[in-house]
>>> print(open('model-v8.cif').read())   # mmCIF, C-alpha atoms and all ligand atoms
data_structure
loop_
_atom_site.label_atom_id
_atom_site.label_comp_id
_atom_site.auth_asym_id
_atom_site.auth_seq_id
_atom_site.Cartn_x
_atom_site.Cartn_y
_atom_site.Cartn_z
CA MET A 1 85.89 86.33 80.81
CA SER A 2 83.47 83.64 79.79
CA THR A 3 85.06 80.22 80.09
CA ASN A 4 85.99 78.45 83.30
CA ASN A 5 89.61 78.15 82.17
CA VAL A 6 90.00 81.88 81.74
CA VAL A 7 88.52 82.45 85.20
CA SER A 8 90.74 79.79 86.76
CA ASP A 9 93.88 81.32 85.29
CA GLY A 10 93.42 84.36 87.57
CA PHE A 11 93.87 82.10 90.61
CA SER A 12 97.24 80.83 91.89
CA THR A 13 98.89 78.09 93.91
CA SER A 14 101.42 80.14 95.88
CA TYR A 15 101.67 83.61 97.42
CA LEU A 16 104.45 84.55 94.97
CA GLU A 17 102.49 83.46 91.90
CA SER A 18 99.40 85.22 93.17
CA ARG A 19 101.30 88.46 93.79
CA ARG A 20 103.01 88.31 90.39
CA LYS A 21 99.69 87.81 88.57
CA PHE A 22 98.07 90.59 90.59
CA LEU A 23 100.86 93.10 89.96
CA GLU A 24 101.09 92.24 86.25
CA ALA A 25 97.34 92.61 85.79
CA ALA A 26 97.38 95.87 87.81
CA ALA A 27 100.19 97.31 85.68
CA ALA A 28 98.43 96.26 82.45
CA ALA A 29 95.24 97.95 83.65
CA GLY A 30 97.13 101.17 84.38
CA ALA A 31 96.60 100.94 88.16
CA GLU A 32 98.57 103.00 90.64
CA ILE A 33 100.40 100.54 92.86
CA THR A 34 101.54 101.04 96.46
CA SER A 35 103.60 98.21 97.97
CA ILE A 36 104.55 98.04 101.64
CA ALA A 37 107.27 95.57 102.60
CA HIS A 38 106.55 93.21 105.48
CA PRO A 39 109.38 92.85 108.05
CA GLU A 40 109.50 89.05 107.76
CA LYS A 41 110.02 86.50 104.96
CA GLY A 42 108.04 83.63 103.48
CA PRO A 43 108.98 79.93 103.83
CA GLU A 44 111.28 80.07 100.76
CA GLY A 45 112.94 83.25 102.00
CA GLU A 46 110.73 85.30 99.69
CA ASP A 47 109.91 88.95 100.39
CA LEU A 48 106.38 89.71 101.53
CA PHE A 49 104.27 92.78 100.82
CA MET A 50 100.90 94.31 101.30
CA ASP A 51 100.01 95.69 97.84
CA PHE A 52 97.37 98.27 96.96
CA ALA A 53 96.26 98.77 93.33
CA CYS A 54 94.10 101.82 92.56
CA ILE A 55 92.03 102.26 89.41
CA GLY A 56 89.68 105.06 88.42
CA PRO A 57 89.53 108.77 89.15
CA ASN A 58 91.27 110.09 92.27
CA ASP A 59 88.62 112.79 92.63
CA ALA A 60 85.72 110.33 92.59
CA LYS A 61 83.21 110.85 95.37
CA ALA A 62 83.15 107.15 96.19
CA ALA A 63 85.57 104.25 96.44
CA VAL A 64 85.11 100.49 96.47
CA VAL A 65 87.78 98.56 98.41
CA VAL A 66 88.25 94.81 97.95
CA VAL A 67 90.51 93.06 100.46
CA SER A 68 92.19 89.66 100.07
CA GLY A 69 94.18 87.54 102.51
CA THR A 70 92.98 88.96 105.84
CA HIS A 71 93.19 85.33 106.88
CA GLY A 72 96.40 84.59 104.99
CA ILE A 73 95.68 81.34 103.18
CA GLU A 74 92.16 82.55 102.30
CA GLY A 75 93.96 84.94 99.95
CA PHE A 76 94.09 82.24 97.27
CA CYS A 77 90.41 82.91 96.74
CA GLY A 78 90.33 86.70 97.14
CA SER A 79 93.38 87.37 95.01
CA GLY A 80 91.83 85.35 92.17
CA VAL A 81 88.80 87.64 92.23
CA GLN A 82 91.06 90.72 92.31
CA THR A 83 93.25 89.58 89.43
CA ASN A 84 90.24 88.63 87.32
CA ILE A 85 88.73 92.08 87.79
CA LEU A 86 91.98 93.70 86.70
CA ARG A 87 92.05 91.48 83.60
CA ASP A 88 88.43 92.15 82.68
CA ASP A 89 87.81 95.35 80.70
CA ARG A 90 84.06 95.02 81.03
CA SER A 91 84.31 94.94 84.85
CA LEU A 92 86.79 97.79 84.95
CA SER A 93 84.52 99.94 82.76
CA LYS A 94 82.16 100.11 85.78
CA PHE A 95 84.84 102.11 87.57
CA SER A 96 85.03 105.16 85.32
CA LYS A 97 83.41 107.34 88.00
CA ILE A 98 84.27 105.36 91.13
CA LYS A 99 87.70 104.62 92.52
CA LEU A 100 88.54 100.93 92.88
CA ILE A 101 91.12 99.98 95.50
CA LEU A 102 92.34 96.38 95.61
CA LEU A 103 94.26 95.44 98.76
CA HIS A 104 96.23 92.27 98.00
CA GLY A 105 97.70 90.24 100.87
CA HIS A 106 96.30 91.99 103.94
CA ASN A 107 98.14 89.28 105.93
CA PRO A 108 100.92 88.34 103.48
CA HIS A 109 102.82 86.28 106.07
CA GLY A 110 99.89 83.91 106.64
CA PHE A 111 99.26 83.80 102.88
CA ALA A 112 102.83 82.69 102.13
CA TRP A 113 103.05 80.26 105.07
CA LEU A 114 99.60 78.78 104.32
CA ARG A 115 98.21 79.94 107.64
CA ARG A 116 95.08 81.74 108.68
CA VAL A 117 96.97 83.78 111.29
CA ASN A 118 99.79 86.29 110.96
CA GLU A 119 103.49 86.25 111.92
CA ASP A 120 102.59 86.46 115.64
CA ASN A 121 99.86 83.80 115.55
CA VAL A 122 97.33 86.64 115.59
CA ASP A 123 93.96 86.36 113.87
CA LEU A 124 93.77 89.77 112.14
CA ASN A 125 90.00 89.67 112.22
CA ARG A 126 90.11 89.65 116.02
CA ASN A 127 92.74 92.43 116.11
CA TYR A 128 90.88 95.49 114.79
CA VAL A 129 89.92 96.81 118.22
CA ASP A 130 90.91 99.91 120.16
CA PHE A 131 93.66 98.61 122.46
CA SER A 132 93.52 101.78 124.58
CA GLU A 133 90.19 100.39 125.83
CA PRO A 134 89.83 97.28 128.03
CA GLN A 135 89.18 94.22 125.85
CA GLU A 136 87.16 91.09 126.44
CA MET A 137 89.76 88.35 127.06
CA ASN A 138 87.45 85.31 126.81
CA GLU A 139 88.77 83.41 129.84
CA ALA A 140 86.44 80.51 128.94
CA TYR A 141 89.00 79.60 126.28
CA LEU A 142 91.40 78.51 129.03
CA GLY A 143 89.00 75.61 129.69
CA VAL A 144 89.66 74.13 126.22
CA LYS A 145 93.16 75.45 125.59
CA ASP A 146 95.01 72.15 126.19
CA LEU A 147 92.48 70.17 124.14
CA VAL A 148 92.69 72.60 121.22
CA LEU A 149 96.50 72.54 121.28
CA PRO A 150 97.72 69.15 122.56
CA ILE A 151 101.38 68.23 123.02
CA GLU A 152 100.91 65.33 120.59
CA PHE A 153 98.33 65.53 117.82
CA ASN A 154 97.05 61.95 117.53
CA ASP A 155 94.01 59.71 117.97
CA ASP A 156 94.01 60.25 121.74
CA SER A 157 94.08 64.03 121.43
CA GLU A 158 91.25 63.91 118.88
CA GLU A 159 89.16 61.66 121.07
CA ALA A 160 89.63 63.99 124.01
CA MET A 161 88.53 66.97 121.90
CA SER A 162 85.51 65.06 120.52
CA THR A 163 84.46 64.03 124.01
CA TRP A 164 84.51 67.66 125.15
CA ILE A 165 82.35 68.67 122.15
CA GLU A 166 79.90 65.83 122.80
CA GLU A 167 79.59 66.82 126.45
CA ASN A 168 79.33 70.56 125.89
CA GLY A 169 77.78 70.81 122.43
CA LEU A 170 79.06 72.13 119.13
CA ASP A 171 77.43 75.53 119.75
CA GLN A 172 79.36 75.96 122.97
CA TYR A 173 82.59 74.91 121.23
CA GLN A 174 82.03 77.54 118.52
CA LYS A 175 81.14 80.14 121.10
CA VAL A 176 84.23 79.50 123.21
CA ILE A 177 86.74 79.46 120.37
CA MET A 178 85.44 81.38 117.35
CA GLY A 179 84.66 84.78 118.83
CA GLY A 180 88.34 85.10 119.58
CA GLN A 181 90.47 85.06 122.70
CA ARG A 182 93.32 87.08 124.20
CA VAL A 183 94.44 84.62 126.89
CA ASP A 184 96.58 82.10 124.97
CA PRO A 185 99.07 83.55 122.44
CA ASP A 186 99.76 79.98 121.24
CA GLY A 187 96.09 79.14 120.72
CA ILE A 188 93.64 79.51 117.82
CA PHE A 189 91.52 82.61 117.11
CA TYR A 190 94.02 84.62 119.18
CA GLY A 191 93.31 88.32 118.68
CA GLY A 192 96.53 89.67 120.18
CA THR A 193 96.94 92.38 122.80
CA SER A 194 98.39 95.10 120.57
CA THR A 195 97.92 96.43 117.05
CA ALA A 196 99.29 94.01 114.43
CA TRP A 197 101.57 95.10 111.56
CA SER A 198 98.81 94.72 108.94
CA ASN A 199 96.36 96.70 111.07
CA LYS A 200 98.90 99.56 111.42
CA ILE A 201 99.57 99.63 107.67
CA VAL A 202 95.88 99.75 106.82
CA HIS A 203 95.35 102.63 109.28
CA ASP A 204 98.23 104.45 107.64
CA ILE A 205 97.60 103.78 103.93
CA LEU A 206 93.83 103.45 103.44
CA PRO A 207 93.04 107.04 104.60
CA LYS A 208 95.71 108.35 102.20
CA LEU A 209 94.24 106.43 99.27
CA THR A 210 90.72 107.70 100.03
CA THR A 211 91.53 111.33 100.85
CA ASN A 212 89.04 112.66 98.30
CA GLN A 213 86.27 110.15 98.78
CA GLU A 214 83.17 110.86 100.81
CA TYR A 215 81.74 107.34 100.48
CA VAL A 216 83.69 104.12 100.88
CA GLY A 217 82.43 100.54 100.54
CA LEU A 218 84.69 97.66 101.58
CA MET A 219 84.34 93.95 100.85
CA ASP A 220 86.70 91.58 102.68
CA VAL A 221 86.99 88.16 101.00
CA HIS A 222 87.02 85.04 103.21
CA THR A 223 86.67 81.28 102.81
CA GLY A 224 85.98 78.26 104.99
CA LEU A 225 82.44 78.95 106.20
CA GLY A 226 79.05 78.19 104.66
CA PRO A 227 77.90 76.03 101.73
CA TYR A 228 80.38 74.94 99.03
CA GLY A 229 81.01 77.66 96.46
CA HIS A 230 78.41 80.04 97.85
CA GLY A 231 79.43 83.48 99.07
CA ASP A 232 77.44 84.66 102.09
CA LEU A 233 77.51 88.46 102.39
CA ILE A 234 77.65 89.38 106.08
CA HIS A 235 77.80 92.75 107.85
CA SER A 236 77.65 93.74 111.53
CA TYR A 237 75.58 96.95 111.44
CA ALA A 238 72.62 97.27 113.77
CA LYS A 239 69.11 97.06 112.42
CA GLY A 240 67.76 100.56 111.88
CA SER A 241 71.14 102.09 111.10
CA ARG A 242 71.69 103.90 107.81
CA GLU A 243 74.29 101.31 106.81
CA TYR A 244 71.93 98.41 107.46
CA ASP A 245 69.18 100.07 105.42
CA ASP A 246 71.39 101.05 102.48
CA LEU A 247 73.02 97.61 102.24
CA ARG A 248 69.58 96.00 102.37
CA ALA A 249 68.36 98.35 99.63
CA TRP A 250 71.32 97.44 97.39
CA TYR A 251 71.47 93.68 97.98
CA GLY A 252 68.06 92.73 99.29
CA GLU A 253 68.01 89.59 101.43
CA GLU A 254 71.34 88.50 100.01
CA MET A 255 72.96 90.83 102.60
CA ILE A 256 72.95 89.28 106.07
CA GLY A 257 73.16 91.30 109.29
CA ILE A 258 74.99 89.13 111.83
CA ASN A 259 74.00 91.45 114.70
CA ALA A 260 70.42 91.61 113.47
CA GLY A 261 69.88 87.88 114.05
CA GLU A 262 69.95 87.06 110.34
CA TYR A 263 72.77 84.50 110.43
CA GLY A 264 71.20 81.86 112.65
CA ASP A 265 73.22 79.95 115.20
CA VAL A 266 76.57 81.25 114.07
CA VAL A 267 75.75 84.46 115.95
CA ALA A 268 77.25 82.67 118.95
CA ALA A 269 80.60 83.37 117.35
CA VAL A 270 80.44 87.01 116.25
CA PRO A 271 84.15 87.91 116.01
CA ARG A 272 85.61 90.51 118.34
CA GLY A 273 87.59 92.86 116.12
CA PRO A 274 87.16 92.25 112.37
CA ILE A 275 88.34 94.97 109.98
CA VAL A 276 84.79 95.35 108.69
CA SER A 277 83.59 96.47 112.13
CA SER A 278 86.21 99.17 112.42
CA LEU A 279 86.04 101.03 109.12
CA ASP A 280 84.56 104.06 110.94
CA LEU A 281 87.74 104.19 113.05
CA ILE A 282 90.05 103.74 110.05
CA LEU A 283 88.21 106.30 107.92
CA PRO A 284 86.60 108.77 110.36
CA GLY A 285 84.32 111.36 108.84
CA LYS A 286 83.41 109.27 105.81
CA GLN A 287 80.18 107.43 105.16
CA SER A 288 81.42 103.86 104.95
CA TYR A 289 79.96 100.40 104.41
CA ALA A 290 81.88 97.22 105.11
CA PHE A 291 81.05 93.54 104.91
CA VAL A 292 82.65 90.16 104.38
CA ILE A 293 81.96 87.65 101.67
CA GLU A 294 82.35 84.15 103.18
CA TYR A 295 82.76 81.45 100.56
CA GLY A 296 82.07 77.86 101.56
CA THR A 297 84.66 75.16 100.95
CA VAL A 298 84.36 71.96 103.01
CA GLU A 299 82.41 71.10 106.16
CA PHE A 300 82.97 73.19 109.27
CA GLU A 301 84.32 70.40 111.53
CA ARG A 302 87.03 69.62 108.98
CA VAL A 303 88.03 73.30 108.78
CA ILE A 304 88.35 73.61 112.56
CA LYS A 305 90.37 70.40 112.77
CA ALA A 306 92.74 71.67 110.06
CA LEU A 307 93.19 74.93 111.99
CA ARG A 308 94.04 73.03 115.17
CA ALA A 309 96.49 70.79 113.31
CA ASP A 310 98.14 73.82 111.69
CA ASN A 311 98.36 75.54 115.06
CA TRP A 312 99.89 72.39 116.55
CA VAL A 313 102.48 71.89 113.78
CA HIS A 314 103.71 75.48 114.12
CA ILE A 315 103.91 75.39 117.93
CA ASN A 316 104.68 71.77 118.87
CA GLY A 317 105.30 69.89 115.61
CA ASP A 318 107.75 69.86 112.68
CA LEU A 319 106.76 71.74 109.51
CA ASN A 320 109.24 69.79 107.38
CA SER A 321 108.09 66.34 108.48
CA PRO A 322 105.76 64.29 106.24
CA GLU A 323 103.04 64.99 108.81
CA GLY A 324 103.73 68.73 108.60
CA LYS A 325 103.41 68.65 104.82
CA GLU A 326 100.18 66.67 105.06
CA ILE A 327 98.76 69.26 107.46
CA LYS A 328 99.65 72.07 105.04
CA GLY A 329 97.94 70.18 102.20
CA GLU A 330 94.83 69.82 104.30
CA MET A 331 94.91 73.55 105.18
CA ARG A 332 94.95 74.41 101.50
CA ALA A 333 92.08 72.00 100.76
CA CYS A 334 90.01 73.52 103.57
CA PHE A 335 90.38 77.14 102.45
CA TYR A 336 90.60 76.83 98.66
CA CYS A 337 88.91 74.35 96.33
CA GLU A 338 91.05 73.27 93.41
CA SER A 339 88.24 73.08 90.86
CA ASP A 340 87.17 75.15 87.86
CA GLU A 341 83.57 74.87 88.97
CA TRP A 342 84.29 76.32 92.43
CA ARG A 343 86.44 79.13 91.03
CA LYS A 344 83.72 80.08 88.54
CA LEU A 345 81.17 80.27 91.37
CA ILE A 346 83.60 82.42 93.37
CA TRP A 347 84.23 84.79 90.49
CA ASP A 348 80.57 85.19 89.46
CA ARG A 349 79.39 85.90 92.99
CA GLY A 350 82.38 88.14 93.79
CA LEU A 351 81.92 90.25 90.69
CA TRP A 352 78.17 90.53 91.26
CA SER A 353 78.79 91.71 94.85
CA ILE A 354 81.41 94.26 93.84
CA GLU A 355 79.27 95.66 91.03
CA LYS A 356 76.27 95.98 93.36
CA LEU A 357 78.44 97.92 95.79
CA ALA A 358 79.67 100.23 93.04
CA ALA A 359 76.09 100.79 91.83
CA GLY A 360 74.84 101.53 95.38
CA LEU A 361 77.63 104.02 96.08
CA SER A 362 76.99 105.66 92.68
CA GLN A 363 73.42 106.40 93.70
CA LEU A 364 74.68 108.18 96.83
CA SER A 365 77.43 110.13 95.15
CA GLY A 366 75.44 111.11 92.04
ZN ZN B 1 88.41 84.27 107.08
#
>>> encode(input="model-v8.cif", output="structure tokens", more="lines below")
Ligand SMILES: [Zn+2]
Amino acid sequence: MSTNNVVSDGFSTSYLESRRKFLEAAAAAGAEITSIAHPEKGPEGEDLFMDFACIGPNDAKAAVVVVSGTHGIEGFCGSGVQTNILRDDRSLSKFSKIKLILLHGHNPHGFAWLRRVNEDNVDLNRNYVDFSEPQEMNEAYLGVKDLVLPIEFNDDSEEAMSTWIEENGLDQYQKVIMGGQRVDPDGIFYGGTSTAWSNKIVHDILPKLTTNQEYVGLMDVHTGLGPYGHGDLIHSYAKGSREYDDLRAWYGEEMIGINAGEYGDVVAAVPRGPIVSSLDLILPGKQSYAFVIEYGTVEFERVIKALRADNWVHINGDLNSPEGKEIKGEMRACFYCESDEWRKLIWDRGLWSIEKLAAGLSQLSG
């Protein structure tokens, strides 16, 4: 796993190709595979699945879980890391005493349709909340709803959106939209008002795959935020908690606590309901650690515009029009960089992060 070409070959250009490479590499590595069929199809009529590949001893005291495709299209990045691990004997040798669980296509529908959201326009990372409790709706979103999703997506609509941002500030824009909202099912960063399919499957399957493990570390792979090619490691544990301290001990200052004021201005947009904030609910009774790795692609304003355009084309536009195809191309460019250099950066940082997690959990589990 030394040259850029070998690294790049683990990455794919469609959901189907990515799944095929992942499953082939998992089978070749002797992984136990669990595949759960999604109720809907991809754009070519293809079947969709959430796939789990398990490597290493079932009676291990600790497990490392790596998740790809929570935000659908971001799975092009995460699945490349997963497939490269499965193809790399040296990496797999680190898992002789720790169980490795690779969850491919957490949101397979969004992955196949080149969307960040799922089949119901739900942002999965705003959906991992306890819906038996009252949830913050974020009514402020209603104030920008018609600007975010115009009837026509054109120069006028973009000028109106820009004017709002100029008048209210980019911070306020991020704050109003990025934390998530439950007031407009057609809007962006919509967290839903009930448990999504993917969320249900994870609650069902992940406890079964970690029955014997006392310690579980989970890394959820994302793209579209931060500097090009760099992977920011971000958790939401409070300063002074055991999880904060252990993660800091394992990663040093490379591990950022978003609720400990270590992520600067972006704190305005701490998401309501990411999977990494609910691992205690998914795996009660275990000592767990969860964080995201956020890989940078292109500038933030371009990413948000692509998300709005994608939202518009699915709700008010025509996917098969030239404009629709252009929007899909831009979505891909915003969440996955088609370059050997970028993929090498992704792989090196991803592997380093996963191996650190395995080493940290090993210390705990002896
Ligand atoms: Zn994401």
>>> residues_around(input="model-v8.cif", residues="region 135-149 of chain A", least_positions_apart="6", cutoff="12 Å", atoms="all atoms listed in the file", output="PyMOL selection string")
chain A and resi 126-129+156-165+168+172-194+269+271-273+304-317
>>> write_last_selection(input="model-v8.cif", atoms="C-alpha atoms", output="CSV table (one decimal), in the coordinates of the input")
chain,number,residue,atom,x,y,z
A,126,ARG,CA,90.1,89.6,116.0
A,127,ASN,CA,92.7,92.4,116.1
A,128,TYR,CA,90.9,95.5,114.8
A,129,VAL,CA,89.9,96.8,118.2
A,156,ASP,CA,94.0,60.2,121.7
A,157,SER,CA,94.1,64.0,121.4
A,158,GLU,CA,91.2,63.9,118.9
A,159,GLU,CA,89.2,61.7,121.1
A,160,ALA,CA,89.6,64.0,124.0
A,161,MET,CA,88.5,67.0,121.9
A,162,SER,CA,85.5,65.1,120.5
A,163,THR,CA,84.5,64.0,124.0
A,164,TRP,CA,84.5,67.7,125.2
A,165,ILE,CA,82.4,68.7,122.2
A,168,ASN,CA,79.3,70.6,125.9
A,172,GLN,CA,79.4,76.0,123.0
A,173,TYR,CA,82.6,74.9,121.2
A,174,GLN,CA,82.0,77.5,118.5
A,175,LYS,CA,81.1,80.1,121.1
A,176,VAL,CA,84.2,79.5,123.2
A,177,ILE,CA,86.7,79.5,120.4
A,178,MET,CA,85.4,81.4,117.4
A,179,GLY,CA,84.7,84.8,118.8
A,180,GLY,CA,88.3,85.1,119.6
A,181,GLN,CA,90.5,85.1,122.7
A,182,ARG,CA,93.3,87.1,124.2
A,183,VAL,CA,94.4,84.6,126.9
A,184,ASP,CA,96.6,82.1,125.0
A,185,PRO,CA,99.1,83.6,122.4
A,186,ASP,CA,99.8,80.0,121.2
A,187,GLY,CA,96.1,79.1,120.7
A,188,ILE,CA,93.6,79.5,117.8
A,189,PHE,CA,91.5,82.6,117.1
A,190,TYR,CA,94.0,84.6,119.2
A,191,GLY,CA,93.3,88.3,118.7
A,192,GLY,CA,96.5,89.7,120.2
A,193,THR,CA,96.9,92.4,122.8
A,194,SER,CA,98.4,95.1,120.6
A,269,ALA,CA,80.6,83.4,117.4
A,271,PRO,CA,84.2,87.9,116.0
A,272,ARG,CA,85.6,90.5,118.3
A,273,GLY,CA,87.6,92.9,116.1
A,304,ILE,CA,88.4,73.6,112.6
A,305,LYS,CA,90.4,70.4,112.8
A,306,ALA,CA,92.7,71.7,110.1
A,307,LEU,CA,93.2,74.9,112.0
A,308,ARG,CA,94.0,73.0,115.2
A,309,ALA,CA,96.5,70.8,113.3
A,310,ASP,CA,98.1,73.8,111.7
A,311,ASN,CA,98.4,75.5,115.1
A,312,TRP,CA,99.9,72.4,116.6
A,313,VAL,CA,102.5,71.9,113.8
A,314,HIS,CA,103.7,75.5,114.1
A,315,ILE,CA,103.9,75.4,117.9
A,316,ASN,CA,104.7,71.8,118.9
A,317,GLY,CA,105.3,69.9,115.6
>>> atom_distance(input="model-v8.cif", atom1="CA of Leu361 (chain A)", atom2="CA of Ala62 (chain A)")
6.3 Å
>>> closest_atom_pairs(input="model-v8.cif", of="chain A", to="ligand ZN 1 (chain B)", cutoff="8 Å", atoms="only C-alpha atoms and all ligand atoms", output="CSV")
residue,atom,partner,partner_atom,distance
A:Thr70,CA,B:ZN1,ZN,6.7
A:His71,CA,B:ZN1,ZN,4.9
A:Glu74,CA,B:ZN1,ZN,6.3
A:Arg116,CA,B:ZN1,ZN,7.3
A:Asn125,CA,B:ZN1,ZN,7.6
A:Val221,CA,B:ZN1,ZN,7.4
A:His222,CA,B:ZN1,ZN,4.2
A:Thr223,CA,B:ZN1,ZN,5.5
A:Gly224,CA,B:ZN1,ZN,6.8
A:Glu294,CA,B:ZN1,ZN,7.2
>>> residues_near_point(input="model-v8.cif", point="(92.1, 79.5, 85.3)", cutoff="12 Å", atoms="only C-alpha atoms", output="MDAnalysis selection string")
chainID A and resid 1:13 21 80:81 83:84 338:344 347
>>> write_last_selection(input="model-v8.cif", atoms="C-alpha atoms", output="short mmCIF file (atom, residue, chain, number, x, y, z; two decimals), keeping the file's coordinate frame")
data_model
loop_
_atom_site.label_atom_id
_atom_site.label_comp_id
_atom_site.auth_asym_id
_atom_site.auth_seq_id
_atom_site.Cartn_x
_atom_site.Cartn_y
_atom_site.Cartn_z
CA MET A 1 85.89 86.33 80.81
CA SER A 2 83.47 83.64 79.79
CA THR A 3 85.06 80.22 80.09
CA ASN A 4 85.99 78.45 83.30
CA ASN A 5 89.61 78.15 82.17
CA VAL A 6 90.00 81.88 81.74
CA VAL A 7 88.52 82.45 85.20
CA SER A 8 90.74 79.79 86.76
CA ASP A 9 93.88 81.32 85.29
CA GLY A 10 93.42 84.36 87.57
CA PHE A 11 93.87 82.10 90.61
CA SER A 12 97.24 80.83 91.89
CA THR A 13 98.89 78.09 93.91
CA LYS A 21 99.69 87.81 88.57
CA GLY A 80 91.83 85.35 92.17
CA VAL A 81 88.80 87.64 92.23
CA THR A 83 93.25 89.58 89.43
CA ASN A 84 90.24 88.63 87.32
CA GLU A 338 91.05 73.27 93.41
CA SER A 339 88.24 73.08 90.86
CA ASP A 340 87.17 75.15 87.86
CA GLU A 341 83.57 74.87 88.97
CA TRP A 342 84.29 76.32 92.43
CA ARG A 343 86.44 79.13 91.03
CA LYS A 344 83.72 80.08 88.54
CA TRP A 347 84.23 84.79 90.49
#
>>> atom_distance(input="model-v8.cif", atom1="CA of Asp89 (chain A)", atom2="CA of Leu357 (chain A)")
17.9 Å
>>> atom_distance(input="model-v8.cif", atom1="CA of Glu152 (chain A)", atom2="CA of Arg302 (chain A)")
18.6 Å
>>> closest_residue(input="model-v8.cif", among="A:Glu254, A:Asp130, A:Asp280, A:Asp123", to="Tyr215 (chain A)", atoms="only C-alpha atoms")
A:Asp280
>>> residues_around(input="model-v8.cif", residues="Ile354 (chain A)", least_positions_apart="3", cutoff="12 Å", atoms="only C-alpha atoms", output="PyMOL selection string")
chain A and resi 63-67+81-82+85+91-92+94-95+98+100-102+217-221+233+250-251+290-293+347-351+357-361
>>> closest_residue(input="model-v8.cif", among="A:Glu119, A:Glu326, A:Asp59, A:Glu44", to="Trp197 (chain A)", atoms="all atoms listed in the file")
A:Glu119
>>> closest_residue(input="model-v8.cif", among="A:Glu167, A:Asp232, A:Glu24, A:Asp318", to="Tyr295 (chain A)", atoms="only C-alpha atoms")
A:Asp232
>>> closest_residue(input="model-v8.cif", among="A:Leu283, A:Leu86, A:Cys77, A:Leu170", to="Thr297 (chain A)", atoms="only C-alpha atoms")
A:Cys77
>>> residues_around(input="model-v8.cif", residues="Gly42 (chain A)", least_positions_apart="6", cutoff="8 Å", atoms="all atoms listed in the file", output="PyMOL selection string")
chain A and resi 48+109+112-113
>>> closest_residue(input="model-v8.cif", among="A:Lys41, A:His106, A:Lys356, A:Arg248", to="Ile234 (chain A)", atoms="only C-alpha atoms")
A:Arg248
>>> closest_residue(input="model-v8.cif", among="A:Gly169, A:Gly45, A:Tyr263, A:Leu364", to="Leu247 (chain A)", atoms="all atoms listed in the file")
A:Leu364
>>> residues_near_point(input="model-v8.cif", point="(72.5, 92.7, 111.0)", cutoff="8 Å", atoms="all atoms listed in the file", output="tab-separated table (two decimals) with C-alpha atoms, in the frame of the given file")
chain	number	residue	atom	x	y	z
A	234	ILE	CA	77.65	89.38	106.08
A	235	HIS	CA	77.80	92.75	107.85
A	236	SER	CA	77.65	93.74	111.53
A	237	TYR	CA	75.58	96.95	111.44
A	238	ALA	CA	72.62	97.27	113.77
A	239	LYS	CA	69.11	97.06	112.42
A	244	TYR	CA	71.93	98.41	107.46
A	256	ILE	CA	72.95	89.28	106.07
A	257	GLY	CA	73.16	91.30	109.29
A	258	ILE	CA	74.99	89.13	111.83
A	259	ASN	CA	74.00	91.45	114.70
A	260	ALA	CA	70.42	91.61	113.47
A	261	GLY	CA	69.88	87.88	114.05
A	262	GLU	CA	69.95	87.06	110.34
>>> axis_aligned_box(input="model-v8.cif", around="region 72-75 of chain A", padding_each_side="3 Å", output="JSON")
{"center_x": 94.3, "center_y": 83.1, "center_z": 102.5, "size_x": 10.2, "size_y": 9.6, "size_z": 11.0}
>>> residues_around(input="model-v8.cif", residues="Gln213 (chain A)", least_positions_apart="3", cutoff="9 Å", atoms="all atoms listed in the file", output="PDB file with C-alpha atoms, keeping the file's coordinate frame")
ATOM      1  CA  ASN A  58      91.270 110.090  92.270  1.00  0.00           C
ATOM      2  CA  ASP A  59      88.620 112.790  92.630  1.00  0.00           C
ATOM      3  CA  ALA A  60      85.720 110.330  92.590  1.00  0.00           C
ATOM      4  CA  LYS A  61      83.210 110.850  95.370  1.00  0.00           C
ATOM      5  CA  ALA A  62      83.150 107.150  96.190  1.00  0.00           C
ATOM      6  CA  ALA A  63      85.570 104.250  96.440  1.00  0.00           C
ATOM      7  CA  LYS A  99      87.700 104.620  92.520  1.00  0.00           C
ATOM      8  CA  LEU A 209      94.240 106.430  99.270  1.00  0.00           C
ATOM      9  CA  THR A 210      90.720 107.700 100.030  1.00  0.00           C
ATOM     10  CA  VAL A 216      83.690 104.120 100.880  1.00  0.00           C
ATOM     11  CA  LYS A 286      83.410 109.270 105.810  1.00  0.00           C
TER      12      LYS A 286
END
